[in-house]
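Okay, structure first, notes after.
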2 protein chains.
Amino acid sequence: MADAQARFEALADRVREEGHRLTPQRVALMRLLASSEGHPSAADLYDQLRAQFPTTSLATVYKTLNLLKDLDEVLELGFGHDDNRYDGNRPDPHPHLICVRCRKITHPDVGAAQGLAEQVAQQSGYQMISHRLDFYGICPDCQQKATEPESEDSVSSA
Amino acid sequence: MADAQARFEALADRVREEGHRLTPQRVALMRLLASSEGHPSAADLYDQLRAQFPTTSLATVYKTLNLLKDLDEVLELGFGHDDNRYDGNRPDPHPHLICVRCRKITHPDVGAAQGLAEQVAQQSGYQMISHRLDFYGICPDCQQKATEPESEDSVSSA
DNA sequence: AATTTATGGATAATGATTCTCGAAGACGAC
DNA sequence: GTCGTCTTCGAGAATCATTATCCATAAATT
């Protein structure tokens, strides 16, 4: 996480340059986003924020996330049922690999995904804005757990 | 839509074989799904259903859609903000092209998308369950409308 | 330091989807 | 064809993530 500081400063600069205020809550949230390895949800960030600012509201988290999203500095990942996840380190569309058991989200290596959007744009005449490439499966860890005799109660559904 | 009848019968047979009852509401909804060109939402289907069954409940639509979804006979497309869309003709994952203006959903021709899931499965060790490949853009029609002087009031939603 | 104005916080509102549960009806058995 | 059982329907309440509201507070500029 040596880049976290640099990423945070980039976010802070961007927010200020766009004429928005740098409040302590925003600073803290941007630090969290910049240092997040995974893909936290708004509630995750809220929980972490409250450690520093006990009176912070969940609404503030959403407002800040939406601000950064409008600036194209965070990528919002919406899944039908579950709550949204946010990626503050790679704001541009990229493939995701989701474990339907433990909800872990990682970045698969999908070389063939390069240029897909451009290809579709040419063939369809659409003006491309964004895209999603998500794979849903069961991660090796969860596969193992499912095979084991019965360490705990079994999982219900995906 | 000469296949609509065949598709409907396939759905009906499947439901019956799985030990579920064929109620008039389900029959009507399956006919709608089988004959739908586009990707209707639950509310769309509800509106159409009420023409035949004025007392039908929206809950029934959802229950039937979930039943068919569990049988892998309809594909549910969930988008963060908007309501879900359903495809009763192609239940297997396939790419979609969404116009963010008029909400139209079409099927782009993406040859390179073949085998992506298998590739990710091999590299990651995940047991693949499903995937999504969605492109968001502005369709040619909506691009045109945006450029024109101002023919009418602009479109809000589909 | 004062002024202006965006922002934070608490809570209500929104809206799609699911749950609840009594009534009705589908389907197999007779 | 009729009956009985057990699924399914229907109407509305409940859920839950996200937004909207609205005023007190504090950031930035002078």
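By order of appearance in the structure tokens: chains A, B, ..., then residues from 1 within every chain, and ligands from 1 in the order shown.
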With only C-alpha atoms (C1' of nucleotides) considered, list every residue of chain B at most 7 Å from chain C, as a PDB file with N, CA and C atoms, in the first residue's frame.
```
ATOM      1  N   ARG B  21     -47.485 -26.213 -10.322  1.00  0.00           N
ATOM      2  CA  ARG B  21     -48.792 -26.185 -10.954  1.00  0.00           C
ATOM      3  C   ARG B  21     -48.868 -25.165 -12.072  1.00  0.00           C
ATOM      4  N   THR B  23     -50.994 -22.667 -13.368  1.00  0.00           N
ATOM      5  CA  THR B  23     -52.163 -21.828 -13.125  1.00  0.00           C
ATOM      6  C   THR B  23     -52.367 -20.889 -14.303  1.00  0.00           C
ATOM      7  N   ASP B  83     -35.202  -0.911 -12.371  1.00  0.00           N
ATOM      8  CA  ASP B  83     -35.756  -2.207 -12.005  1.00  0.00           C
ATOM      9  C   ASP B  83     -35.185  -3.286 -12.925  1.00  0.00           C
TER      10      ASP B  83
END
```
Let's have chain B fitted on chain A; use all the C-alpha atoms paired in order for the least-squares step and return it as a PDB file with C-alpha atoms, in the first residue's frame.
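Printed below is result02.pdb as written:
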```pdb
ATOM      1  CA  MET B   1      -0.189  -0.328   0.018  1.00  0.00           C
ATOM      2  CA  ALA B   2       2.540   2.208  -0.561  1.00  0.00           C
ATOM      3  CA  ASP B   3       0.370   3.884  -3.179  1.00  0.00           C
ATOM      4  CA  ALA B   4      -2.492   4.559  -0.837  1.00  0.00           C
ATOM      5  CA  GLN B   5      -1.101   7.903   0.194  1.00  0.00           C
ATOM      6  CA  ALA B   6      -0.517   8.951  -3.390  1.00  0.00           C
ATOM      7  CA  ARG B   7      -3.950   7.868  -4.412  1.00  0.00           C
ATOM      8  CA  PHE B   8      -5.493   9.740  -1.529  1.00  0.00           C
ATOM      9  CA  GLU B   9      -3.678  12.914  -2.496  1.00  0.00           C
ATOM     10  CA  ALA B  10      -4.831  12.543  -6.073  1.00  0.00           C
ATOM     11  CA  LEU B  11      -8.406  12.242  -4.865  1.00  0.00           C
ATOM     12  CA  ALA B  12      -8.069  15.200  -2.525  1.00  0.00           C
ATOM     13  CA  ASP B  13      -6.494  17.379  -5.179  1.00  0.00           C
ATOM     14  CA  ARG B  14      -9.185  16.488  -7.655  1.00  0.00           C
ATOM     15  CA  VAL B  15     -11.982  17.299  -5.218  1.00  0.00           C
ATOM     16  CA  ARG B  16     -10.442  20.619  -4.337  1.00  0.00           C
ATOM     17  CA  GLU B  17      -9.709  21.538  -7.944  1.00  0.00           C
ATOM     18  CA  GLU B  18     -13.321  20.926  -8.848  1.00  0.00           C
ATOM     19  CA  GLY B  19     -14.327  23.495  -6.284  1.00  0.00           C
ATOM     20  CA  HIS B  20     -15.534  21.161  -3.582  1.00  0.00           C
ATOM     21  CA  ARG B  21     -14.614  21.442   0.050  1.00  0.00           C
ATOM     22  CA  LEU B  22     -12.281  19.123   1.844  1.00  0.00           C
ATOM     23  CA  THR B  23     -14.106  18.237   5.003  1.00  0.00           C
ATOM     24  CA  PRO B  24     -12.716  15.849   7.608  1.00  0.00           C
ATOM     25  CA  GLN B  25     -15.387  13.320   6.732  1.00  0.00           C
ATOM     26  CA  ARG B  26     -14.466  13.438   3.077  1.00  0.00           C
ATOM     27  CA  VAL B  27     -10.780  13.191   3.852  1.00  0.00           C
ATOM     28  CA  ALA B  28     -11.341  10.152   6.015  1.00  0.00           C
ATOM     29  CA  LEU B  29     -13.540   8.479   3.435  1.00  0.00           C
ATOM     30  CA  MET B  30     -11.071   9.134   0.655  1.00  0.00           C
ATOM     31  CA  ARG B  31      -8.309   7.649   2.763  1.00  0.00           C
ATOM     32  CA  LEU B  32     -10.416   4.562   3.279  1.00  0.00           C
ATOM     33  CA  LEU B  33     -11.097   4.260  -0.426  1.00  0.00           C
ATOM     34  CA  ALA B  34      -7.469   4.792  -1.316  1.00  0.00           C
ATOM     35  CA  SER B  35      -6.305   2.104   1.061  1.00  0.00           C
ATOM     36  CA  SER B  36      -9.054  -0.434   0.371  1.00  0.00           C
ATOM     37  CA  GLU B  37      -7.854  -3.623  -1.173  1.00  0.00           C
ATOM     38  CA  GLY B  38     -11.301  -5.055  -1.721  1.00  0.00           C
ATOM     39  CA  HIS B  39     -14.533  -3.542  -2.932  1.00  0.00           C
ATOM     40  CA  PRO B  40     -16.278  -2.107   0.114  1.00  0.00           C
ATOM     41  CA  SER B  41     -19.955  -1.307   0.248  1.00  0.00           C
ATOM     42  CA  ALA B  42     -21.341   1.988   1.498  1.00  0.00           C
ATOM     43  CA  ALA B  43     -22.201   0.266   4.762  1.00  0.00           C
ATOM     44  CA  ASP B  44     -18.655  -1.089   5.082  1.00  0.00           C
ATOM     45  CA  LEU B  45     -17.239   2.377   4.670  1.00  0.00           C
ATOM     46  CA  TYR B  46     -19.809   3.780   7.058  1.00  0.00           C
ATOM     47  CA  ASP B  47     -18.777   1.321   9.757  1.00  0.00           C
ATOM     48  CA  GLN B  48     -15.133   2.186   9.311  1.00  0.00           C
ATOM     49  CA  LEU B  49     -15.851   5.891   9.269  1.00  0.00           C
ATOM     50  CA  ARG B  50     -17.746   5.783  12.516  1.00  0.00           C
ATOM     51  CA  ALA B  51     -14.601   4.645  14.274  1.00  0.00           C
ATOM     52  CA  GLN B  52     -13.210   8.106  13.618  1.00  0.00           C
ATOM     53  CA  PHE B  53     -16.420  10.125  13.405  1.00  0.00           C
ATOM     54  CA  PRO B  54     -19.070   8.516  15.567  1.00  0.00           C
ATOM     55  CA  THR B  55     -21.744  10.951  14.448  1.00  0.00           C
ATOM     56  CA  THR B  56     -21.206  10.449  10.736  1.00  0.00           C
ATOM     57  CA  SER B  57     -24.325   9.728   8.788  1.00  0.00           C
ATOM     58  CA  LEU B  58     -24.747   7.067   6.174  1.00  0.00           C
ATOM     59  CA  ALA B  59     -26.113   9.793   3.937  1.00  0.00           C
ATOM     60  CA  THR B  60     -22.758  11.516   4.056  1.00  0.00           C
ATOM     61  CA  VAL B  61     -21.072   8.367   2.840  1.00  0.00           C
ATOM     62  CA  TYR B  62     -23.438   8.170  -0.091  1.00  0.00           C
ATOM     63  CA  LYS B  63     -23.074  11.845  -0.865  1.00  0.00           C
ATOM     64  CA  THR B  64     -19.303  11.605  -0.902  1.00  0.00           C
ATOM     65  CA  LEU B  65     -19.332   8.458  -2.978  1.00  0.00           C
ATOM     66  CA  ASN B  66     -21.630  10.110  -5.486  1.00  0.00           C
ATOM     67  CA  LEU B  67     -19.398  13.125  -5.617  1.00  0.00           C
ATOM     68  CA  LEU B  68     -16.360  10.985  -6.380  1.00  0.00           C
ATOM     69  CA  LYS B  69     -18.371   8.941  -8.808  1.00  0.00           C
ATOM     70  CA  ASP B  70     -19.385  12.066 -10.691  1.00  0.00           C
ATOM     71  CA  LEU B  71     -15.716  13.004 -10.922  1.00  0.00           C
ATOM     72  CA  ASP B  72     -15.007   9.525 -12.324  1.00  0.00           C
ATOM     73  CA  GLU B  73     -12.727   8.809  -9.410  1.00  0.00           C
ATOM     74  CA  VAL B  74     -14.582   5.831  -8.030  1.00  0.00           C
ATOM     75  CA  LEU B  75     -16.201   2.976  -9.896  1.00  0.00           C
ATOM     76  CA  GLU B  76     -19.602   1.927  -8.651  1.00  0.00           C
ATOM     77  CA  LEU B  77     -20.479  -1.715  -9.013  1.00  0.00           C
ATOM     78  CA  GLY B  78     -24.186  -2.321  -8.747  1.00  0.00           C
ATOM     79  CA  PHE B  79     -25.559  -5.813  -8.411  1.00  0.00           C
ATOM     80  CA  GLY B  80     -29.256  -6.400  -8.601  1.00  0.00           C
ATOM     81  CA  HIS B  81     -30.013  -7.754  -5.159  1.00  0.00           C
ATOM     82  CA  ASP B  82     -26.981  -6.824  -3.070  1.00  0.00           C
ATOM     83  CA  ASP B  83     -25.821  -3.366  -2.172  1.00  0.00           C
ATOM     84  CA  ASN B  84     -23.361  -1.539  -4.366  1.00  0.00           C
ATOM     85  CA  ARG B  85     -19.622  -1.926  -4.079  1.00  0.00           C
ATOM     86  CA  TYR B  86     -17.058   0.765  -4.748  1.00  0.00           C
ATOM     87  CA  ASP B  87     -13.577   0.756  -6.189  1.00  0.00           C
ATOM     88  CA  GLY B  88     -11.590   3.899  -5.483  1.00  0.00           C
ATOM     89  CA  ASN B  89      -8.348   2.697  -6.958  1.00  0.00           C
ATOM     90  CA  ARG B  90      -9.341   1.721 -10.458  1.00  0.00           C
ATOM     91  CA  PRO B  91     -12.062   4.091 -11.603  1.00  0.00           C
ATOM     92  CA  ASP B  92     -12.132   2.818 -15.175  1.00  0.00           C
ATOM     93  CA  PRO B  93     -14.293  -0.132 -16.193  1.00  0.00           C
ATOM     94  CA  HIS B  94     -12.579  -3.450 -15.745  1.00  0.00           C
ATOM     95  CA  PRO B  95     -13.653  -7.081 -15.351  1.00  0.00           C
ATOM     96  CA  HIS B  96     -14.746  -8.457 -11.999  1.00  0.00           C
ATOM     97  CA  LEU B  97     -15.028 -11.952 -10.645  1.00  0.00           C
ATOM     98  CA  ILE B  98     -17.645 -12.373  -7.943  1.00  0.00           C
ATOM     99  CA  CYS B  99     -18.035 -15.343  -5.628  1.00  0.00           C
ATOM    100  CA  VAL B 100     -21.743 -15.807  -5.091  1.00  0.00           C
ATOM    101  CA  ARG B 101     -21.085 -17.595  -1.790  1.00  0.00           C
ATOM    102  CA  CYS B 102     -18.712 -15.338   0.128  1.00  0.00           C
ATOM    103  CA  ARG B 103     -19.317 -12.212  -1.984  1.00  0.00           C
ATOM    104  CA  LYS B 104     -15.620 -11.775  -2.564  1.00  0.00           C
ATOM    105  CA  ILE B 105     -14.824  -9.605  -5.564  1.00  0.00           C
ATOM    106  CA  THR B 106     -11.530  -9.958  -7.388  1.00  0.00           C
ATOM    107  CA  HIS B 107      -9.942  -8.908 -10.644  1.00  0.00           C
ATOM    108  CA  PRO B 108      -9.576 -11.751 -13.126  1.00  0.00           C
ATOM    109  CA  ASP B 109      -7.017 -11.644 -15.880  1.00  0.00           C
ATOM    110  CA  VAL B 110      -9.040 -11.359 -19.073  1.00  0.00           C
ATOM    111  CA  GLY B 111      -6.779 -10.330 -21.882  1.00  0.00           C
ATOM    112  CA  ALA B 112      -9.470 -10.869 -24.480  1.00  0.00           C
ATOM    113  CA  ALA B 113     -11.591  -8.184 -22.855  1.00  0.00           C
ATOM    114  CA  GLN B 114      -9.391  -5.431 -24.213  1.00  0.00           C
ATOM    115  CA  GLY B 115     -10.990  -3.491 -26.988  1.00  0.00           C
ATOM    116  CA  LEU B 116     -14.393  -5.098 -26.698  1.00  0.00           C
ATOM    117  CA  ALA B 117     -16.072  -1.767 -26.065  1.00  0.00           C
ATOM    118  CA  GLU B 118     -14.390  -0.185 -29.069  1.00  0.00           C
ATOM    119  CA  GLN B 119     -15.462  -3.097 -31.210  1.00  0.00           C
ATOM    120  CA  VAL B 120     -19.079  -2.740 -30.129  1.00  0.00           C
ATOM    121  CA  ALA B 121     -18.949   1.024 -30.618  1.00  0.00           C
ATOM    122  CA  GLN B 122     -17.817   0.640 -34.198  1.00  0.00           C
ATOM    123  CA  GLN B 123     -20.334  -2.017 -35.101  1.00  0.00           C
ATOM    124  CA  SER B 124     -23.279  -0.351 -33.418  1.00  0.00           C
ATOM    125  CA  GLY B 125     -22.659   3.348 -33.878  1.00  0.00           C
ATOM    126  CA  TYR B 126     -23.196   3.870 -30.167  1.00  0.00           C
ATOM    127  CA  GLN B 127     -21.209   6.485 -28.325  1.00  0.00           C
ATOM    128  CA  MET B 128     -19.699   4.339 -25.594  1.00  0.00           C
ATOM    129  CA  ILE B 129     -19.864   5.562 -22.043  1.00  0.00           C
ATOM    130  CA  SER B 130     -19.048   2.565 -19.932  1.00  0.00           C
ATOM    131  CA  HIS B 131     -19.284  -1.173 -19.744  1.00  0.00           C
ATOM    132  CA  ARG B 132     -19.430  -4.062 -17.335  1.00  0.00           C
ATOM    133  CA  LEU B 133     -17.812  -7.459 -17.551  1.00  0.00           C
ATOM    134  CA  ASP B 134     -18.676  -9.540 -14.523  1.00  0.00           C
ATOM    135  CA  PHE B 135     -18.263 -13.231 -13.874  1.00  0.00           C
ATOM    136  CA  TYR B 136     -20.257 -14.997 -11.195  1.00  0.00           C
ATOM    137  CA  GLY B 137     -19.062 -18.251  -9.730  1.00  0.00           C
ATOM    138  CA  ILE B 138     -17.910 -20.100  -6.668  1.00  0.00           C
ATOM    139  CA  CYS B 139     -14.362 -19.478  -5.544  1.00  0.00           C
ATOM    140  CA  PRO B 140     -12.001 -22.381  -4.783  1.00  0.00           C
ATOM    141  CA  ASP B 141     -12.274 -21.761  -1.033  1.00  0.00           C
ATOM    142  CA  CYS B 142     -16.038 -21.986  -1.059  1.00  0.00           C
ATOM    143  CA  GLN B 143     -15.952 -25.039  -3.303  1.00  0.00           C
ATOM    144  CA  GLN B 144     -13.754 -26.722  -0.722  1.00  0.00           C
ATOM    145  CA  LYS B 145     -16.007 -25.807   2.136  1.00  0.00           C
ATOM    146  CA  ALA B 146     -19.013 -27.171   0.281  1.00  0.00           C
ATOM    147  CA  THR B 147     -17.260 -30.518  -0.158  1.00  0.00           C
ATOM    148  CA  GLU B 148     -15.900 -30.933   3.353  1.00  0.00           C
ATOM    149  CA  PRO B 149     -17.856 -33.135   5.802  1.00  0.00           C
ATOM    150  CA  GLU B 150     -18.971 -30.146   7.864  1.00  0.00           C
ATOM    151  CA  SER B 151     -16.162 -28.327   9.603  1.00  0.00           C
ATOM    152  CA  GLU B 152     -18.387 -25.654  11.063  1.00  0.00           C
ATOM    153  CA  ASP B 153     -21.567 -23.926  10.207  1.00  0.00           C
ATOM    154  CA  SER B 154     -21.554 -22.826   6.625  1.00  0.00           C
ATOM    155  CA  VAL B 155     -20.915 -19.259   5.690  1.00  0.00           C
ATOM    156  CA  SER B 156     -23.848 -16.982   5.088  1.00  0.00           C
ATOM    157  CA  SER B 157     -22.471 -13.735   3.815  1.00  0.00           C
ATOM    158  CA  ALA B 158     -19.404 -11.589   3.776  1.00  0.00           C
TER     159      ALA B 158
END
```
- [ ] Determine which residues of region 47-156 of chain B receive a DSSP assignment of strand (DSSP E or B), computed from the backbone, and state them as a list in words.
- [x] Leu75, Glu76, Leu77, Arg85, Tyr86, Asp87, His96, Leu97, Ile98, Cys99, Ile105, Thr106, Gln127, Met128, Ile129, Ser130, His131, Arg132, Leu133, Asp134, Phe135, Tyr136, Gly137 and Ile138 of chain B
- [ ] Using only C-alpha atoms (C1' of nucleotides), select each residue of chain D with any atom at most 9 Å away from an atom of chain B, and give the selection as a PyMOL selection string.
- [x] chain D and resi 7-11
Store the residues picked out above, limited to N, CA and C atoms (P, O5', C5', C4', C3', O3' and C1' of nucleotides), as a JSON list (two decimals), in the first residue's frame.
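For reference, out.json as written:
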```json
[["chain", "number", "residue", "atom", "x", "y", "z"],
["D", 7, "DT", "P", -47.45, -28.30, -0.75],
["D", 7, "DT", "O5'", -47.28, -27.32, -2.00],
["D", 7, "DT", "C5'", -47.40, -27.85, -3.31],
["D", 7, "DT", "C4'", -48.18, -26.90, -4.20],
["D", 7, "DT", "C3'", -47.50, -25.56, -4.44],
["D", 7, "DT", "O3'", -47.50, -25.32, -5.83],
["D", 7, "DT", "C1'", -49.74, -25.23, -3.73],
["D", 8, "DT", "P", -46.64, -24.13, -6.41],
["D", 8, "DT", "O5'", -47.73, -22.95, -6.47],
["D", 8, "DT", "C5'", -48.89, -23.17, -7.24],
["D", 8, "DT", "C4'", -49.85, -22.01, -7.09],
["D", 8, "DT", "C3'", -49.21, -20.62, -7.22],
["D", 8, "DT", "O3'", -49.95, -19.91, -8.20],
["D", 8, "DT", "C1'", -50.58, -20.72, -5.31],
["D", 9, "DC", "P", -49.59, -18.45, -8.58],
["D", 9, "DC", "O5'", -50.81, -17.65, -7.95],
["D", 9, "DC", "C5'", -52.13, -18.07, -8.26],
["D", 9, "DC", "C4'", -53.14, -17.16, -7.60],
["D", 9, "DC", "C3'", -52.87, -15.68, -7.78],
["D", 9, "DC", "O3'", -54.09, -15.03, -8.13],
["D", 9, "DC", "C1'", -52.98, -16.23, -5.45],
["D", 10, "DG", "P", -54.04, -13.56, -8.71],
["D", 10, "DG", "O5'", -54.33, -12.72, -7.39],
["D", 10, "DG", "C5'", -55.52, -12.99, -6.68],
["D", 10, "DG", "C4'", -55.59, -12.14, -5.43],
["D", 10, "DG", "C3'", -55.15, -10.69, -5.64],
["D", 10, "DG", "O3'", -56.10, -9.86, -4.95],
["D", 10, "DG", "C1'", -53.88, -11.67, -3.90],
["D", 11, "DA", "P", -56.27, -8.36, -5.42],
["D", 11, "DA", "O5'", -55.90, -7.60, -4.07],
["D", 11, "DA", "C5'", -56.61, -7.93, -2.90],
["D", 11, "DA", "C4'", -55.89, -7.35, -1.70],
["D", 11, "DA", "C3'", -55.31, -5.96, -1.93],
["D", 11, "DA", "O3'", -55.80, -5.07, -0.94],
["D", 11, "DA", "C1'", -53.66, -7.46, -1.05]]
```
Task: DSSP alpha helix (DSSP H) residues within chain B, as a PyMOL selection string - done: chain B and resi 4-17+24-35+42-52+58-70+116-124+140-147
